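Structure data (compact mmCIF, C-alpha atoms) from input_28.txt:
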```txt
# COMPACT_ATOMS: atom_id res chain seq x y z
CA MET B 1 82.59 124.62 153.92
CA ASN B 2 78.81 124.69 153.59
CA SER B 3 77.17 124.43 150.17
CA ASP B 4 75.91 128.05 150.19
CA LEU B 5 79.41 129.43 150.74
CA ALA B 6 80.80 127.12 148.03
CA GLY B 7 78.02 128.33 145.72
CA MET B 8 78.86 131.98 146.49
CA ILE B 9 82.55 131.39 145.75
CA GLY B 10 81.65 129.54 142.54
CA ILE B 11 79.27 132.17 141.22
CA GLY B 12 81.67 134.92 142.37
CA THR B 13 84.48 133.35 140.33
CA VAL B 14 82.23 133.15 137.28
CA ILE B 15 81.10 136.79 137.64
CA VAL B 16 84.67 138.07 138.14
CA ALA B 17 85.88 136.02 135.16
CA GLY B 18 82.96 137.31 133.07
CA VAL B 19 83.68 140.95 133.93
CA LEU B 20 87.40 140.49 133.20
CA LEU B 21 86.59 138.77 129.91
CA THR B 22 84.36 141.67 128.82
CA ILE B 23 86.91 144.32 129.83
CA PHE B 24 89.84 142.57 128.16
CA SER B 25 87.79 141.94 125.00
CA LEU B 26 87.14 145.68 124.73
CA LEU B 27 90.78 146.49 125.48
CA HIS B 28 91.99 143.96 122.89
CA ARG B 29 89.96 145.72 120.20
CA ARG B 30 91.83 148.98 120.97
CA SER B 31 95.32 147.54 121.34
CA PRO B 32 95.70 143.86 120.38
CA LEU B 33 97.39 141.58 122.88
CA THR B 34 100.51 139.64 121.88
CA PHE B 35 101.13 136.07 122.93
CA ARG B 36 104.08 133.71 123.05
CA ASN B 37 104.80 131.72 119.94
CA ILE B 38 103.25 128.24 119.76
CA PRO B 39 104.76 126.45 116.71
CA ALA B 40 101.72 124.18 116.22
CA TYR B 41 99.40 127.13 115.67
CA VAL B 42 101.85 128.76 113.28
CA ARG B 43 101.58 125.56 111.26
CA VAL B 44 97.77 125.71 111.39
CA ARG B 45 97.75 129.24 109.96
CA ARG B 46 100.29 128.28 107.29
CA ALA B 47 98.28 125.19 106.36
CA ALA B 48 95.09 127.25 106.04
CA SER B 49 96.78 129.64 103.64
CA LEU B 50 98.26 126.84 101.53
CA VAL B 51 95.29 124.52 100.99
CA VAL B 52 93.61 126.74 98.40
CA GLU B 53 96.75 126.90 96.24
CA ALA B 54 97.58 123.23 96.73
CA GLY B 55 94.06 122.04 95.83
CA THR B 56 93.80 120.05 99.02
CA ARG B 57 91.52 120.02 102.01
CA LEU B 58 91.72 120.89 105.71
CA HIS B 59 90.29 118.38 108.10
CA ILE B 60 89.12 119.39 111.56
CA SER B 61 88.11 116.66 113.97
CA LEU B 62 86.30 117.59 117.17
CA GLY B 63 86.44 114.34 119.13
CA SER B 64 83.62 112.35 120.57
CA ALA B 65 82.46 114.37 123.59
CA ASN B 66 78.75 114.57 124.15
CA LEU B 67 77.56 118.17 124.49
CA LEU B 68 75.68 117.21 127.65
CA SER B 69 78.91 116.12 129.32
CA SER B 70 81.56 118.24 131.03
CA THR B 71 84.19 117.18 128.49
CA SER B 72 82.59 119.10 125.64
CA ALA B 73 84.36 122.43 126.31
CA SER B 74 87.44 121.55 124.26
CA ALA B 75 85.18 120.65 121.33
CA LEU B 76 83.46 124.04 121.68
CA ALA B 77 86.91 125.64 121.49
CA GLY B 78 87.49 123.51 118.38
CA LEU B 79 84.26 124.82 116.83
CA ALA B 80 85.59 128.39 117.03
CA VAL B 81 88.68 127.28 115.12
CA LEU B 82 86.52 125.38 112.65
CA ARG B 83 84.55 128.56 111.97
CA ARG B 84 87.71 130.62 111.49
CA LEU B 85 89.43 128.10 109.21
CA ALA B 86 86.24 127.47 107.24
CA GLU B 87 85.95 131.21 106.58
CA ASN B 88 89.48 131.16 105.20
CA THR B 89 89.15 128.11 103.00
CA SER B 90 85.47 127.59 102.13
CA LEU B 91 85.81 129.24 98.72
CA SER B 92 88.33 126.68 97.50
CA ASP B 93 87.40 123.67 95.35
CA TYR B 94 87.97 121.51 98.38
CA PRO B 95 86.21 123.11 101.38
CA PRO B 96 87.21 121.88 104.83
CA ILE B 97 85.54 118.87 106.36
CA SER B 98 84.78 118.23 109.99
CA THR B 99 84.45 114.86 111.66
CA THR B 100 82.93 114.13 115.05
CA GLY B 101 82.06 111.15 117.19
CA SER B 102 79.02 112.75 118.79
CA ALA B 103 75.68 113.42 117.14
CA THR B 104 75.01 116.71 118.97
CA LEU B 105 78.50 117.97 118.20
CA ASN B 106 78.03 117.03 114.57
CA LEU B 107 74.95 119.25 114.33
CA LEU B 108 76.96 122.18 115.68
CA ALA B 109 79.87 121.44 113.35
CA GLN B 110 77.53 121.38 110.33
CA ASP B 111 75.91 124.60 111.47
CA THR B 112 79.31 126.24 111.94
CA LEU B 113 80.45 125.17 108.46
CA ARG B 114 77.18 126.42 106.99
CA SER B 115 77.50 129.79 108.76
CA ALA B 116 81.06 130.22 107.49
CA HIS B 117 79.98 129.23 103.98
CA ASP B 118 76.97 131.58 103.97
CA ALA B 119 79.11 134.45 105.26
CA LEU B 120 81.39 134.08 102.25
CA THR B 121 79.22 133.06 99.35
CA ALA B 122 75.58 132.62 98.53
CA GLU B 123 76.08 131.32 94.96
CA GLN B 124 77.63 127.95 95.75
CA THR B 125 75.43 125.45 97.51
CA PHE B 126 76.61 124.21 100.86
CA ASN B 127 77.41 120.51 101.05
CA ILE B 128 76.03 119.24 104.35
CA HIS B 129 78.25 116.14 104.02
CA ASN B 130 81.28 118.27 104.86
CA GLY B 131 80.23 117.85 108.48
CA ARG B 132 80.32 114.14 109.26
CA LEU B 133 79.50 111.88 112.12
CA THR B 134 81.93 109.00 111.67
CA GLY B 135 80.90 106.75 114.55
CA LEU B 136 79.14 106.78 117.88
CA THR B 137 81.75 104.93 119.95
CA PRO B 138 85.34 106.20 120.35
CA LEU B 139 86.83 103.37 118.28
CA SER B 140 84.22 103.44 115.51
CA TYR B 141 84.71 107.22 115.38
CA ALA B 142 88.47 106.70 115.04
CA GLY B 143 87.89 104.10 112.30
CA GLY B 144 85.71 106.54 110.35
CA VAL B 145 88.19 109.40 110.71
CA MET B 146 91.04 107.17 109.53
CA THR B 147 89.23 106.49 106.26
CA ALA B 148 88.39 110.20 105.86
CA ILE B 149 92.08 111.09 106.25
CA ARG B 150 92.96 108.48 103.63
CA ASP B 151 90.27 109.21 101.02
CA GLU B 152 89.50 112.94 101.15
CA ASN B 153 92.62 114.59 99.71
CA ILE B 154 93.54 116.04 103.07
CA SER B 155 96.76 118.00 103.45
CA THR B 156 96.51 118.92 107.15
CA SER B 157 94.42 117.59 109.99
CA LEU B 158 93.59 119.53 113.11
CA LEU B 159 92.24 117.56 116.05
CA ILE B 160 90.77 119.62 118.89
CA GLY B 161 88.38 118.06 121.33
CA ASN B 162 87.96 115.20 123.72
CA PHE B 163 89.81 112.09 122.59
CA GLY B 164 91.01 108.94 124.28
CA PRO B 165 94.16 106.94 123.57
CA GLU B 166 92.55 105.96 120.23
CA VAL B 167 93.83 109.30 118.92
CA ALA B 168 97.09 107.41 118.18
CA LEU B 169 95.25 105.63 115.35
CA LEU B 170 94.40 109.01 113.82
CA THR B 171 97.93 110.38 114.06
CA GLU B 172 99.23 107.15 112.52
CA ALA B 173 96.71 107.37 109.65
CA ALA B 174 97.76 110.98 108.97
CA ASP B 175 101.40 110.01 109.10
CA ARG B 176 100.85 107.29 106.51
CA GLN B 177 99.31 109.89 104.16
CA ASP B 178 102.22 112.23 104.89
CA ALA B 179 99.63 114.79 106.04
CA PRO B 180 100.75 116.87 109.05
CA ILE B 181 98.56 116.64 112.09
CA ILE B 182 98.10 119.18 114.88
CA ALA B 183 96.28 117.82 117.87
CA ALA B 184 95.11 118.99 121.28
CA SER B 185 92.89 117.35 123.83
CA ASP B 186 91.61 118.04 127.32
CA SER B 187 92.07 114.41 128.32
CA LEU B 188 95.29 113.38 130.07
CA PRO B 189 95.70 109.94 128.39
CA ALA B 190 95.23 111.54 124.97
CA GLN B 191 97.78 114.24 125.79
CA ALA B 192 100.32 111.58 126.74
CA VAL B 193 99.66 109.72 123.50
CA LEU B 194 99.85 112.92 121.45
CA PHE B 195 103.15 113.82 123.08
CA ALA B 196 104.59 110.60 121.71
CA THR B 197 102.93 110.61 118.31
CA THR B 198 103.00 114.24 117.11
CA GLN B 199 105.88 116.58 116.36
CA GLU B 200 104.45 119.62 118.15
CA PRO B 201 102.15 118.43 120.93
CA LEU B 202 99.74 120.88 122.53
CA LEU B 203 99.40 120.27 126.25
CA GLY B 204 96.95 121.33 128.96
CA GLU B 205 95.14 124.58 128.32
CA GLU B 206 96.88 125.09 124.96
CA ALA B 207 93.88 123.34 123.40
CA PHE B 208 91.74 126.28 124.52
CA ALA B 209 94.16 128.82 123.06
CA ALA B 210 93.39 127.72 119.50
CA GLY B 211 90.84 130.48 118.91
CA ALA B 212 93.19 133.23 120.08
CA TYR B 213 96.03 131.98 117.90
CA THR B 214 93.85 131.71 114.80
CA GLN B 215 92.41 135.21 115.32
CA ALA B 216 88.91 133.91 115.99
CA GLY B 217 87.97 137.07 117.88
CA ALA B 218 88.78 139.46 120.70
CA SER B 219 87.01 137.33 123.29
CA HIS B 220 89.37 134.42 122.56
CA ALA B 221 92.44 136.58 123.14
CA ALA B 222 90.86 138.00 126.30
CA SER B 223 90.15 134.45 127.52
CA LEU B 224 93.86 133.70 127.64
CA LEU B 225 94.51 136.74 129.81
CA VAL B 226 91.63 135.81 132.14
CA GLN B 227 93.01 132.27 132.39
CA ASP B 228 96.42 133.65 133.35
CA ILE B 229 94.92 135.85 136.08
CA LEU B 230 92.79 133.01 137.45
CA ARG B 231 95.81 130.69 137.35
CA TRP B 232 97.77 133.08 139.57
CA ILE B 233 94.82 133.27 141.97
CA VAL B 234 94.72 129.44 142.12
CA ILE B 235 98.49 129.30 142.69
CA LEU B 236 98.25 131.84 145.52
CA ALA B 237 95.29 129.97 147.03
CA LEU B 238 97.23 126.68 146.90
CA LEU B 239 100.31 128.24 148.47
CA GLY B 240 98.18 130.01 151.09
CA GLY B 241 96.36 126.77 151.90
CA ALA B 242 99.62 124.84 152.21
CA THR B 243 101.10 127.54 154.48
CA LEU B 244 98.04 127.54 156.73
CA LYS B 245 98.12 123.74 156.85
CA VAL B 246 101.81 123.71 157.86
CA ALA B 247 101.11 126.37 160.47
CA GLY B 248 98.32 124.20 161.88
CA LEU B 249 95.60 126.79 161.22
CA LEU B 250 93.67 124.70 158.71
CA MET L 251 64.19 136.78 109.53
CA LYS L 252 67.56 135.04 109.73
CA ARG L 253 68.81 137.76 112.06
CA ILE L 254 65.77 137.35 114.33
CA PHE L 255 66.44 133.62 114.59
CA SER L 256 70.08 134.30 115.34
CA ILE L 257 69.18 136.65 118.19
CA LEU L 258 66.50 134.26 119.45
CA ASN L 259 69.02 131.40 119.46
CA ALA L 260 71.46 133.51 121.46
CA VAL L 261 68.79 134.55 123.97
CA ILE L 262 67.66 130.93 124.49
CA ALA L 263 71.25 129.65 124.86
CA MET L 264 72.27 132.40 127.27
CA GLY L 265 69.04 132.20 129.29
CA CYS L 266 69.17 128.41 129.65
CA GLY L 267 72.89 128.58 130.46
CA LEU L 268 72.34 131.12 133.23
CA ILE L 269 69.50 129.13 134.79
CA VAL L 270 71.56 125.92 134.73
CA LEU L 271 74.59 127.76 136.15
CA ILE L 272 72.68 129.32 139.03
CA GLY L 273 70.91 126.02 139.67
CA THR L 274 74.30 124.30 139.90
CA PHE L 275 75.62 126.65 142.58
CA PHE L 276 72.48 127.29 144.62
CA ASN L 277 69.85 124.89 145.83
CA LEU L 278 66.95 127.26 145.17
CA GLN L 279 63.39 126.00 145.09
CA GLY L 280 61.99 126.17 141.59
CA MET L 281 65.40 126.67 139.99
CA ARG L 282 66.32 123.02 140.56
CA GLU L 283 63.12 121.82 138.89
CA THR L 284 63.63 124.17 135.93
CA ARG L 285 67.21 122.95 135.56
CA LEU L 286 66.06 119.32 135.56
CA LEU L 287 63.38 120.14 133.01
CA PHE L 288 66.00 121.71 130.74
CA PHE L 289 68.19 118.63 131.13
CA GLN L 290 65.28 116.40 130.16
CA TRP L 291 64.63 118.47 127.06
CA ALA L 292 68.33 118.39 126.23
CA VAL L 293 68.43 114.60 126.55
CA ILE L 294 65.41 114.26 124.22
CA LEU L 295 67.05 116.60 121.71
CA ALA L 296 70.30 114.63 121.97
CA GLY L 297 68.33 111.46 121.17
CA VAL L 298 66.87 113.12 118.07
CA ALA L 299 70.39 114.32 117.17
CA VAL L 300 71.57 110.69 117.20
CA LEU L 301 68.90 109.82 114.60
CA VAL L 302 69.98 112.79 112.48
CA GLY L 303 73.61 111.74 112.92
CA ILE L 304 72.92 108.18 111.79
CA TRP L 305 71.15 109.58 108.72
CA ASN L 306 74.21 111.75 108.10
CA LEU L 307 76.49 108.69 108.32
CA PHE L 308 74.19 106.82 105.92
CA SER L 309 73.94 109.64 103.38
CA VAL L 310 77.69 110.40 103.40
CA HIS L 311 78.49 106.78 102.53
CA LEU L 312 75.64 106.57 100.02
CA GLN L 313 77.06 109.61 98.24
CA LYS L 314 80.51 108.01 98.25
CA ILE L 315 79.08 104.95 96.50
CA ARG L 316 77.04 107.00 93.99
CA THR L 317 80.00 109.17 93.02
CA ARG L 318 82.41 106.19 93.06
CA GLN L 319 84.85 107.89 95.38
CA PRO L 320 87.94 106.09 96.70
CA GLY L 321 87.01 103.58 99.38
CA SER L 322 83.42 103.25 98.19
CA LEU L 323 83.62 99.47 98.55
CA TYR L 324 84.03 99.93 102.30
CA SER L 325 81.08 102.31 102.26
CA LEU L 326 79.00 99.62 100.58
CA ILE L 327 79.96 97.09 103.26
CA LEU L 328 79.15 99.65 105.96
CA LEU L 329 75.71 100.39 104.52
CA PHE L 330 74.95 96.69 104.10
CA PHE L 331 75.72 95.93 107.74
CA MET L 332 74.01 99.12 108.89
CA LEU L 333 70.75 98.05 107.24
CA LEU L 334 71.19 94.51 108.50
CA SER L 335 71.66 95.83 112.07
CA LEU L 336 68.51 97.92 111.67
CA LEU L 337 66.59 94.85 110.53
CA PHE L 338 67.87 92.65 113.36
CA SER L 339 67.15 95.34 115.95
CA SER L 340 63.64 96.18 114.79
CA VAL L 341 62.23 92.73 113.96
CA THR L 342 61.77 90.61 117.09
CA GLU L 343 62.12 87.32 115.16
CA PHE L 344 65.71 88.24 114.32
CA SER L 345 66.68 89.34 117.84
CA ALA L 346 68.98 86.32 118.26
CA PHE L 347 71.13 87.62 115.41
CA LYS L 348 71.58 90.87 117.30
CA THR L 349 73.67 89.08 119.93
CA VAL L 350 75.67 87.37 117.18
CA PHE L 351 76.31 90.75 115.60
CA LEU L 352 77.40 92.29 118.88
CA ASN L 353 79.57 89.44 120.18
CA GLY L 354 80.70 88.10 116.83
CA ILE L 355 81.50 91.22 114.85
CA ILE L 356 81.37 94.51 116.77
CA LEU L 357 83.23 93.44 119.92
CA PRO L 358 86.03 91.52 118.11
CA ALA L 359 86.45 94.39 115.64
CA GLU L 360 86.80 96.94 118.44
CA ILE L 361 89.15 94.65 120.39
CA SER L 362 91.31 94.21 117.31
CA LEU L 363 91.45 97.99 116.95
CA LEU L 364 92.63 98.15 120.57
CA ALA L 365 95.34 95.61 119.78
CA LEU L 366 96.32 97.71 116.77
CA LEU L 367 96.46 100.70 119.10
CA ALA L 368 99.03 98.95 121.31
CA VAL L 369 101.22 98.22 118.28
CA THR L 370 100.76 101.78 117.00
CA LEU L 371 101.86 103.22 120.35
CA LEU L 372 104.95 101.00 120.41
CA TYR L 373 105.80 102.07 116.88
CA ALA L 374 105.26 105.73 117.81
CA LEU L 375 107.64 105.33 120.74
CA ILE L 376 110.36 103.89 118.50
CA ARG L 377 109.80 106.64 115.93
CA MET L 378 109.98 109.27 118.65
CA LEU L 379 113.37 107.91 119.71
CA ARG L 380 114.58 108.32 116.13
CA THR L 381 113.21 111.79 115.43
CA ARG L 382 113.20 113.61 118.78
CA THR L 383 116.06 113.44 121.23
CA ASP L 384 115.43 116.43 123.48
CA LEU L 385 115.02 116.67 127.26
CA PRO L 386 111.20 116.43 127.37
CA THR L 387 111.38 113.26 125.25
CA LEU L 388 113.94 111.78 127.62
CA ILE L 389 111.76 112.61 130.65
CA PHE L 390 108.73 111.14 128.88
CA LEU L 391 110.53 107.89 128.09
CA THR L 392 111.97 107.60 131.61
CA THR L 393 108.50 108.13 133.07
CA ALA L 394 106.96 105.56 130.73
CA LEU L 395 109.68 103.06 131.67
CA ALA L 396 109.22 103.79 135.39
CA ALA L 397 105.44 103.27 135.08
CA LEU L 398 106.08 99.93 133.40
CA LEU L 399 108.67 98.73 135.90
CA LEU L 400 107.16 100.03 139.15
CA PRO L 401 104.64 97.19 139.63
CA VAL L 402 107.47 94.67 139.20
CA LEU L 403 109.95 96.50 141.42
CA ALA L 404 107.34 97.21 144.11
CA GLN L 405 108.31 93.95 145.85
CA PHE L 406 111.44 95.73 147.14
CA PRO L 407 110.57 97.70 150.32
CA ALA L 408 112.69 100.73 149.36
CA VAL L 409 110.89 101.06 146.03
CA ASN L 410 107.46 100.39 147.51
CA ASP L 411 107.80 102.73 150.49
CA LEU L 412 109.85 105.59 149.06
CA ILE L 413 110.20 105.73 145.28
CA ARG L 414 106.68 104.61 144.32
CA PRO L 415 104.82 107.14 146.53
CA ALA L 416 107.23 109.90 145.45
CA LEU L 417 106.62 109.17 141.78
CA THR L 418 102.88 108.57 141.88
CA ASN L 419 101.68 110.90 144.65
CA LEU L 420 104.16 113.73 144.24
CA LEU L 421 105.33 114.00 140.64
CA ALA L 422 102.54 112.27 138.68
CA ALA L 423 99.61 113.57 140.74
CA GLY L 424 101.13 117.06 140.97
CA GLY L 425 101.75 117.26 137.24
CA ALA L 426 98.32 115.89 136.39
CA ARG L 427 96.70 118.36 138.79
CA GLY L 428 98.57 121.24 137.17
CA ILE L 429 97.44 120.23 133.69
CA LEU L 430 93.87 119.70 134.87
CA ILE L 431 93.74 123.14 136.53
CA GLY L 432 94.76 124.62 133.17
CA VAL L 433 92.08 122.59 131.41
CA ALA L 434 89.46 123.64 134.01
CA LEU L 435 90.31 127.32 133.52
CA GLY L 436 90.09 126.87 129.76
CA THR L 437 86.72 125.18 130.19
CA LEU L 438 85.51 128.06 132.37
CA THR L 439 86.42 130.75 129.84
CA THR L 440 85.01 128.70 126.94
CA GLY L 441 81.71 128.38 128.81
CA LEU L 442 81.74 132.06 129.67
CA ARG L 443 82.22 133.07 126.03
CA ILE L 444 79.08 131.11 125.18
CA LEU L 445 77.16 132.50 128.17
CA LEU L 446 78.10 136.05 127.16
CA GLY L 447 77.18 135.38 123.54
CA ALA L 448 80.71 136.09 122.29
CA ASP L 449 80.90 132.56 120.84
CA ARG L 450 77.78 131.26 119.09
CA PRO L 451 78.44 127.78 117.77
CA TYR L 452 74.70 127.39 117.10
CA GLY L 453 74.64 129.26 113.81
CA GLY L 454 75.46 132.76 114.93
CA LYS L 455 78.91 134.23 114.68
```
Represent the structure from my file as structure tokens, please.
Amino acid sequence: MNSDLAGMIGIGTVIVAGVLLTIFSLLHRRSPLTFRNIPAYVRVRRAASLVVEAGTRLHISLGSANLLSSTSASALAGLAVLRRLAENTSLSDYPPISTTGSATLNLLAQDTLRSAHDALTAEQTFNIHNGRLTGLTPLSYAGGVMTAIRDENISTSLLIGNFGPEVALLTEAADRQDAPIIAASDSLPAQAVLFATTQEPLLGEEAFAAGAYTQAGASHAASLLVQDILRWIVILALLGGATLKVAGLL
Amino acid sequence: MKRIFSILNAVIAMGCGLIVLIGTFFNLQGMRETRLLFFQWAVILAGVAVLVGIWNLFSVHLQKIRTRQPGSLYSLILLFFMLLSLLFSSVTEFSAFKTVFLNGIILPAEISLLALLAVTLLYALIRMLRTRTDLPTLIFLTTALAALLLPVLAQFPAVNDLIRPALTNLLAAGGARGILIGVALGTLTTGLRILLGADRPYGGK
């Protein structure tokens, strides 16, 4: 396959996905889509509604992916959840905190927290320290998050982003504080670790469903539908390719 | 004014995103250079973001010390070594200490965290056996055990020629590919939401 044809297929996929996303977003506004139940996200919503009464804090950690790398998409999905949860809980005495292991991501997290805060209240001043960079290497980041979980009166932690196996240290720290943890990552080693260390692991693309399940907007719900359609196209392409290969035509 | 900035941010993000996207798929003259220029700007901005991030780390721990929050002693130690690192890195006379810092403190500390990670994972496995006894857990444990034993059992021809390829090439690679396709599709729609301006993590909605 020459590079021009590959480029055409690539850009074609993006355009088709974009059109579908726009159409489904509009349709979702008229008649909301319903999705299967994911227990972890039910817990996230419950935790967000309880923190204000309990006088505790939500903690959202976005991993250590650099925004210039291809692994930053899951952190961007995490930012949508951060915005949504911050809107729900920013008025409490203990507003949510975000931790990151990447400087660029930290700027976005602070900006997201500020936007959510400004959308709710103009009287209280926004504390920029609610968005924290805890370390610039994966392990120093994990070390910083562990202390945040211990010291910041956190009742629930939500980890969505790019993590490595060091995520086990975070789940262990949360477990010691008896603070439930909900975690999702786009990295395979982290998913394996999370399967062993959390009660309700989120696997594969479930990390990207966070926005839809926390009602972050119509486009998030539409994204899930687009993903399903594209998944079927990929499955058909794989089956078609395998059939052609067996038949000796490829 | 705020609204104008918000719209301007969205226009810049979407415009740059589109140029980079088209430049990725097509080798057009001019587009490639523009894409590279954008990357260079992004790298410079990321460098500045690191400085801002380090200041954030410093100020968070300084505030912890000032307000005597729990764990402020650790914050004090962190700030002390942070300033010491800055001194050793910026003054050439102290450059020898930089190596001592790296090999004597940072590397052993990170290695010890890795050792702690191994213990944590073992503990998590034991705890999982106590709290979860469903089919996925059983499959997970069997797979983990198989991954541990396969290198040892690979000396037997039957294991090496039949079982090992079936496990690694068929089941493991197939499963991993399935998960990664899901992740790739999620990545695509996340990127699209930003390109279309539906998600604005840069201070919009």
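The interface of chain B with chain L at 6 Å, considering only C-alpha atoms, consists of Gly7, Ala73, Ala103, Thr104, Leu108, Asp111, Thr112, Ser115, His129, Leu133, Asp151, Thr197, Gly204, Glu205, Phe208, Ser223 and Gln227 of chain B.
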Checklist line | Among listed residues B:Ala65, B:Ala40, B:Asn162, B:Thr243, nearest Ile181 in chain B (using all atoms listed in the file) | finding: B:Ala40
Box for range 171-190 of chain B - axis-aligned, 4 Å on each of the six sides, all listed atoms - centre and size in Å to one decimal, as AutoDock Vina command-line options.
```
--center_x 96.9 --center_y 113.2 --center_z 117.1 --size_x 18.6 --size_y 20.0 --size_z 33.9
```
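A straight line drawn from CA of Pro189 in chain B to CA of Ala422 in chain L is 12.6 Å long.
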Next item on the list: Rounded to one decimal place, report the CA of Ser25 in chain B-CA of Leu224 in chain B distance in Å.
Entry: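 Separation between CA of Ser25 in chain B and CA of Leu224 in chain B: 10.6 Å.
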Next item on the list: Find the residues with any atom within 8 Å of (91.1, 120.1, 108.8); use only C-alpha atoms and the coordinates as given in the file, and write the answer as a ChimeraX atom specification.
Entry: /B:57-61,82,96-98,154,156-159
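CA of Gly63 in chain B to CA of Ile229 in chain B spans 28.7 Å [interatomic distance, one decimal].
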